[in-house]
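Note: the block below is target_27.cif and it holds mmCIF, C-alpha atoms.
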```
data_entry
#
loop_
_atom_site.label_atom_id
_atom_site.label_comp_id
_atom_site.auth_asym_id
_atom_site.auth_seq_id
_atom_site.Cartn_x
_atom_site.Cartn_y
_atom_site.Cartn_z
CA MET A 1 10.37 -1.25 3.80
CA THR A 2 11.47 0.53 0.65
CA ALA A 3 13.81 -2.35 -0.18
CA ILE A 4 10.83 -4.74 -0.21
CA ILE A 5 8.86 -2.45 -2.51
CA ARG A 6 11.86 -1.90 -4.78
CA ARG A 7 12.49 -5.67 -4.99
CA TYR A 8 8.81 -6.30 -5.79
CA LEU A 9 8.81 -3.67 -8.53
CA MET A 10 12.08 -4.88 -10.03
CA ARG A 11 10.93 -8.51 -10.03
CA ASN A 12 7.66 -7.61 -11.76
CA ALA A 13 9.43 -5.28 -14.19
CA THR A 14 11.78 -8.11 -15.16
CA ARG A 15 9.09 -10.78 -15.49
CA ARG A 16 6.23 -8.78 -16.94
CA GLY A 17 8.17 -6.04 -18.71
CA PHE A 18 11.43 -7.36 -20.11
CA LEU A 19 10.35 -10.99 -20.44
CA GLY A 20 6.60 -10.51 -20.86
CA GLY A 21 6.56 -7.47 -23.15
CA SER A 22 4.41 -5.16 -21.00
CA ARG A 23 5.39 -1.59 -21.81
CA PRO A 24 4.35 -0.03 -18.47
CA TRP A 25 6.36 -2.62 -16.51
CA MET A 26 9.28 -2.18 -18.89
CA ALA A 27 9.21 1.57 -18.16
CA VAL A 28 9.23 0.84 -14.42
CA GLY A 29 12.24 -1.44 -14.93
CA VAL A 30 14.12 1.18 -16.94
CA VAL A 31 13.49 3.82 -14.26
CA LEU A 32 14.57 1.49 -11.42
CA PHE A 33 17.66 0.27 -13.25
CA GLY A 34 18.58 3.84 -14.24
CA ALA A 35 18.22 5.06 -10.66
CA ARG A 36 20.38 2.20 -9.39
CA LEU A 37 23.05 2.90 -11.99
CA PHE A 38 22.94 6.64 -11.23
CA ASN A 39 23.36 6.02 -7.49
CA ARG A 40 26.29 3.70 -8.11
CA PHE A 41 28.16 6.37 -10.10
CA ILE A 42 27.26 9.29 -7.83
CA ALA A 43 27.88 7.54 -4.48
CA GLY A 44 31.66 7.81 -4.79
CA GLU A 45 34.01 6.31 -2.27
CA HIS A 46 32.98 5.05 1.14
CA LYS A 47 34.00 7.28 4.01
CA VAL A 48 36.12 5.68 6.71
CA LEU A 49 34.90 6.77 10.13
CA TYR A 50 37.46 5.02 12.30
CA ALA A 51 40.62 3.05 11.62
CA GLU A 52 43.11 1.47 13.97
CA LYS A 53 45.51 -1.41 13.54
CA LEU A 54 44.96 -4.22 16.03
CA ASP A 55 47.98 -5.86 17.60
CA ARG A 56 48.27 -9.62 17.60
CA GLY A 57 45.91 -11.12 20.20
CA LYS A 58 43.69 -8.01 20.42
CA THR A 59 39.96 -8.31 19.83
CA LEU A 60 37.45 -5.93 18.30
CA VAL A 61 33.88 -6.15 19.64
CA ILE A 62 31.11 -4.31 17.81
CA SER A 63 27.87 -3.93 19.75
CA TYR A 64 25.06 -1.47 20.30
CA PRO A 65 24.00 0.25 23.53
CA GLY A 66 21.88 -2.04 25.66
CA SER A 67 23.10 -5.24 24.06
CA GLU A 68 24.22 -8.02 26.32
CA VAL A 69 27.62 -8.77 24.88
CA GLU A 70 29.92 -10.97 26.90
CA VAL A 71 33.58 -10.77 25.98
CA LEU A 72 35.45 -13.96 26.73
CA SER A 73 39.18 -13.99 27.23
CA ARG A 74 41.25 -16.43 25.19
CA GLU A 75 41.84 -18.55 28.28
CA ARG A 76 38.06 -19.04 28.84
CA ALA A 77 37.14 -19.55 25.17
#
```
For this file, produce the structure as C-alpha cells.
Amino acid sequence: MTAIIRRYLMRNATRRGFLGGSRPWMAVGVVLFGARLFNRFIAGEHKVLYAEKLDRGKTLVISYPGSEVEVLSRERA
C-alpha cells in the first residue's frame, strides 16, 4: 500500500513540481528523492541467509507452506 502512495506522490511531484513549477509539489519530490537516496546509501550489503552449490541435475524449488507445488522429475518433464 505504501508503494502505491509513494508512486502517486512521486509522479505528482515530478509532473506538478519539477515540470509544472509548483513549489509544494517540488518540496514533496525533494523529500521523497532524498529519502530514497538516503535509504540506498544506508542499506548496505544484502545479507545472505542460505547458500549451497547445486550439483549438475539438481533442482531448487522455492514455495510457501500450503502451496500446491508439484515437482516433476526430468523423465516426466
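Across the structure, atom CA of Ile4 of chain A and atom CA of Ser63 of chain A are spaced 26.3 Å apart.
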Next item on the list: Would you mind reading off the distance between atom CA of Ala13 of chain A and atom CA of Val28 of chain A, one decimal, in Å?
Entry: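 Atom CA of Val28 of chain A lies 6.1 Å from atom CA of Ala13 of chain A.
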Next item on the list: Determine the nearest neighbour of Leu9 of chain A from the options A:Tyr50, A:Ile62, A:Gly21, A:Ala27, counting all atoms listed in the file.
Entry: A:Ala27
Notebook entry, point to check: Which is closest to Phe33 of chain A among A:Val48, A:Val69, A:Ala3, A:Met10, if we use all atoms listed in the file?
Noted result: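 Of A:Val48, A:Val69, A:Ala3, A:Met10, the one nearest Phe33 of chain A, counting all atoms listed in the file, is A:Met10.
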Check: In Å, with one decimal, what is the gap from atom CA of His46 of chain A to atom CA of Pro65 of chain A?
Finding: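 For atom CA of His46 of chain A relative to atom CA of Pro65 of chain A, the distance reads 24.6 Å.
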Item checked: Test item: residues at most 10 Å from Phe18 of chain A, only C-alpha atoms, excluding those fewer than 5 positions along its chain, as an MDAnalysis selection string -> chainID A and resid 12:13 23 25:27 29:30
